Amino acid sequence: MKALVLTAPSEFNYDTSFPDPTPAAGEVLVKVAACGICGSDIHGMDGRSGRRQMPIVMGHEAAGEIIALGEGVEGWNLGDRVTFDSTEYCGECDECKAGFVNLCPNRRVLGVSPGEYRRHGCFAERIALPTRILYRIPDALSYEKAAFAEPVSIALHAVNLADGIEVGEAFTAHAHDENCAHGCEHGAAVEDDSDEGIGGTAVVVGAGLIGLLVVQALKARGWEKVIAVDLDDSRLELARKLGAEETFNAKQEGLAMHIRKICGGDGADASFEVVGAGAPLDLAIRCVRKGGQVVLIGNLQPNTPFPLQEVVTRQLTIKGSCSCAGEYPEAIRRIQDGSIQVEPLLSAVAPLEEGAGWFKRLYDNKEGLLKVVLQPA
């Protein structure tokens with residue numbers, strides 16, 4: 001089959017004879033129709049992250065059609081339109097049984113090769129997947145939009161943590177959803193995904209793709225006021241169009257104290273750091289009220305300075321948000337009904353054979369591109 005292979009740091013080979021996968025027992029073969037280029041792929045392509053050891057076929061934000069069934073597969077048919085979790089979890093460990101599939105010690109992320117495993121991903125014509133990570137997508141939803149289910153799920157997961165939903169409890173309390181795998185063996189965090197008002201003010205530090213999805217997820221969940229912060233004024237303008245009531249350039253002097261002032265004098269109820277660097281983390285911590293919550297999503301740097309006394313003396317709650325854990329059904333629904341808009345974030349759709357060029361353009365970061373979706377077929 002055809003595949004886009006990362007063969008060396010920032011070097012790709014469009015391989016037209018890459019080995020074709022075969023579905024094992026309990027797996028299906030999916031013909032990939034669309035796969036988005038993730039920011040983690042951009043950060044990993046030059047070897048900095050250590051999670052894209054070459055050669056590797058990257059890609060984990062995808063959707064497609066089932067074209068073959070492995071032995072013992074039930075509840076799925078040829079021609080079913082699906083998207084899927086970016087993480088293969090075992091379903092048997094204590095974490096999985098408690099609903100924390102994102103923390104499975106046996107997990108393997110599609111398109112990632114950190115050293116202990118190599119799991120080829122979706123920048124290829126076909127991929128074999130276990131049925132437990134599959135989700136059906138409506139006929140009316142395009143594959144390009146369905147490929148956004150993964151990043152939308154990440155945003156919803158982070159917002160769930162600040163909403164006070166214990167993901168494990170919500171996961172195990174899951175009721176049947178039409179988008180779920182046969183038998184609902186994987187659950188979903190759908191305990192409270194209504195649009196009823198949550199109230200409160202949230203600050204989103206970083207208005208890249210995930211940050212813009214977090215802005216929308218907060219509004220969809222009923223947060224009263226959302227403030228977006230970024231260095232790029234064009235992205236701040238887009239954040240306003242997508243629901244942010246106020247936006248600020250991160251270069252503004254005394255920004256943390258200004259945000260505190262406009263949020264009643266003590267600060268916002270919650271903040272979301274979506275960059276993963278020292279200065280954004282510092283701002284996210286300093287702009288919340290006493291007893292507030294700080295949710296960390298960005299994962300750019302392994303270590304950053306940390307304002308310890310600010311956290312201790314203001315009794316803040318710091319939460320890390322890792323991937324997603326059952327938010328796919330809600331993500332699919334919100335993409336379909338438009339309560340989370342993905343079209344404004346889609347910069348380009350291109351054939352897989354042009355992937356190397358699009359990776360370079362995203363890496364150079366000179367055009368303000370957000371999401372580029374590649375089509376293997």
# chains A, B, ... in the order shown; residues from 1 in each chain; ligands from 1

$ residues_around --residues "Cys263 (chain A)" --least-positions-apart "5" --cutoff "9 Å" --atoms "only C-alpha atoms" --output "PyMOL selection string"
chain A and resi 201+258+268-269+288-289

$ write_last_selection --atoms "C-alpha atoms" --output "tab-separated table (two decimals), in the first residue's frame"
chain	number	residue	atom	x	y	z
A	201	THR	CA	-14.93	32.39	33.98
A	258	HIS	CA	-5.30	42.67	34.54
A	268	ALA	CA	-10.74	33.48	36.91
A	269	ASP	CA	-12.34	30.29	38.19
A	288	VAL	CA	-6.88	32.30	38.58
A	289	ARG	CA	-8.61	33.12	41.86

$ select_by_dssp --residues "region 123-329 of chain A" --states "alpha helix (DSSP H)" --output "ChimeraX atom specification"
/A:143-146,149-163,167-172,209-220,233-241,255-262,278-286,308-313,328-329

$ residues_around --residues "region 341-355 of chain A" --least-positions-apart "4" --cutoff "8 Å" --atoms "only C-alpha atoms" --output "ChimeraX atom specification"
/A:3-4,14,123-124,144-145,148,209,216,242,335,359,369-377

$ atom_distance --atom1 "CA of Phe12 (chain A)" --atom2 "CA of Gln53 (chain A)"
12.9 Å

$ residues_around --residues "Val30 (chain A)" --least-positions-apart "2" --cutoff "7 Å" --atoms "only C-alpha atoms" --output "PDB file with C-alpha atoms, in the first residue's frame"
ATOM      1  CA  VAL A  28     -10.906  -4.679  11.505  1.00  0.00           C
ATOM      2  CA  VAL A  32      -8.202   5.610   5.708  1.00  0.00           C
ATOM      3  CA  GLY A  64     -12.363   5.881   7.201  1.00  0.00           C
ATOM      4  CA  GLU A  65     -14.333   2.807   6.129  1.00  0.00           C
ATOM      5  CA  ILE A  66     -14.151  -0.800   7.327  1.00  0.00           C
ATOM      6  CA  ILE A  67     -13.041  -3.009   4.423  1.00  0.00           C
ATOM      7  CA  ARG A 126      -5.030   1.152   5.401  1.00  0.00           C
ATOM      8  CA  ILE A 127      -4.695   0.399   9.109  1.00  0.00           C
ATOM      9  CA  ALA A 128      -5.728  -2.575  11.278  1.00  0.00           C
TER      10      ALA A 128
END

$ residues_around --residues "Cys90 (chain A)" --least-positions-apart "6" --cutoff "8 Å" --atoms "only C-alpha atoms" --output "list in words"
Cys96, Cys104, Asn106 and Arg107 of chain A

$ write_last_selection --atoms "C-alpha atoms" --output "CSV table (one decimal), in the first residue's frame"
chain,number,residue,atom,x,y,z
A,96,CYS,CA,-9.0,0.5,31.9
A,104,CYS,CA,-3.5,2.3,30.5
A,106,ASN,CA,-0.1,-1.1,28.0
A,107,ARG,CA,-1.3,1.7,25.7

$ closest_residue --among "A:Ile259, A:Ala162, A:Cys122, A:Ile297" --to "Ile210 (chain A)" --atoms "only C-alpha atoms"
A:Ile297

$ atom_distance --atom1 "CA of Gln336 (chain A)" --atom2 "CA of Ala228 (chain A)"
24.5 Å

$ residues_around --residues "Gly298 (chain A)" --least-positions-apart "3" --cutoff "7 Å" --atoms "only C-alpha atoms" --output "PyMOL selection string"
chain A and resi 273-276

$ closest_residue --among "A:Pro329, A:Gly368, A:Gly59, A:Pro138" --to "Asp80 (chain A)" --atoms "only C-alpha atoms"
A:Pro138

$ residues_around --residues "region 303-318 of chain A" --least-positions-apart "6" --cutoff "12 Å" --atoms "only C-alpha atoms" --output "PDB file with C-alpha atoms, in the first residue's frame"
ATOM      1  CA  ALA A 158      -9.704  18.870  29.627  1.00  0.00           C
ATOM      2  CA  LEU A 161     -11.665  17.860  34.436  1.00  0.00           C
ATOM      3  CA  ALA A 162     -12.409  21.485  35.296  1.00  0.00           C
ATOM      4  CA  GLY A 164     -15.585  18.587  38.304  1.00  0.00           C
ATOM      5  CA  ASP A 266      -9.201  37.848  42.459  1.00  0.00           C
ATOM      6  CA  GLY A 267      -9.029  35.980  39.168  1.00  0.00           C
ATOM      7  CA  ALA A 268     -10.741  33.478  36.907  1.00  0.00           C
ATOM      8  CA  ASP A 269     -12.342  30.290  38.193  1.00  0.00           C
ATOM      9  CA  ALA A 270     -10.177  28.114  35.949  1.00  0.00           C
ATOM     10  CA  SER A 271      -7.427  28.346  33.392  1.00  0.00           C
ATOM     11  CA  PHE A 272      -6.246  26.013  30.646  1.00  0.00           C
ATOM     12  CA  GLU A 273      -2.607  26.010  29.564  1.00  0.00           C
ATOM     13  CA  VAL A 275       1.204  25.462  25.071  1.00  0.00           C
ATOM     14  CA  GLY A 276       3.484  23.578  27.429  1.00  0.00           C
ATOM     15  CA  ALA A 277       6.126  26.222  28.118  1.00  0.00           C
ATOM     16  CA  GLY A 278       7.295  28.307  31.075  1.00  0.00           C
ATOM     17  CA  ALA A 279       5.746  31.714  30.382  1.00  0.00           C
ATOM     18  CA  PRO A 280       2.263  30.412  29.455  1.00  0.00           C
ATOM     19  CA  LEU A 281       2.258  28.126  32.509  1.00  0.00           C
ATOM     20  CA  ASP A 282       3.193  31.032  34.767  1.00  0.00           C
ATOM     21  CA  LEU A 283       0.348  33.138  33.358  1.00  0.00           C
ATOM     22  CA  ALA A 284      -2.181  30.314  33.657  1.00  0.00           C
ATOM     23  CA  ILE A 285      -1.332  29.920  37.355  1.00  0.00           C
ATOM     24  CA  ARG A 286      -1.254  33.613  38.225  1.00  0.00           C
ATOM     25  CA  CYS A 287      -4.551  34.575  36.558  1.00  0.00           C
ATOM     26  CA  VAL A 288      -6.884  32.297  38.579  1.00  0.00           C
ATOM     27  CA  ARG A 289      -8.612  33.115  41.860  1.00  0.00           C
ATOM     28  CA  LYS A 290      -7.778  31.634  45.240  1.00  0.00           C
ATOM     29  CA  GLY A 291      -8.945  28.043  45.234  1.00  0.00           C
ATOM     30  CA  GLY A 292      -9.104  28.053  41.425  1.00  0.00           C
ATOM     31  CA  GLN A 293      -8.207  25.285  39.005  1.00  0.00           C
ATOM     32  CA  VAL A 294      -5.400  25.125  36.441  1.00  0.00           C
ATOM     33  CA  VAL A 295      -5.656  22.417  33.780  1.00  0.00           C
ATOM     34  CA  LEU A 296      -2.443  21.620  31.902  1.00  0.00           C
ATOM     35  CA  ILE A 297      -2.846  20.340  28.342  1.00  0.00           C
TER      36      ILE A 297
END

$ closest_residue --among "A:Leu255, A:Val152, A:Met54, A:Ala33" --to "Leu213 (chain A)" --atoms "only C-alpha atoms"
A:Val152

$ closest_residue --among "A:Asp94, A:Asp337, A:Glu224, A:Asp85" --to "Ala63 (chain A)" --atoms "only C-alpha atoms"
A:Asp85

$ atom_distance --atom1 "CA of Ala331 (chain A)" --atom2 "CA of Asp233 (chain A)"
27.3 Å
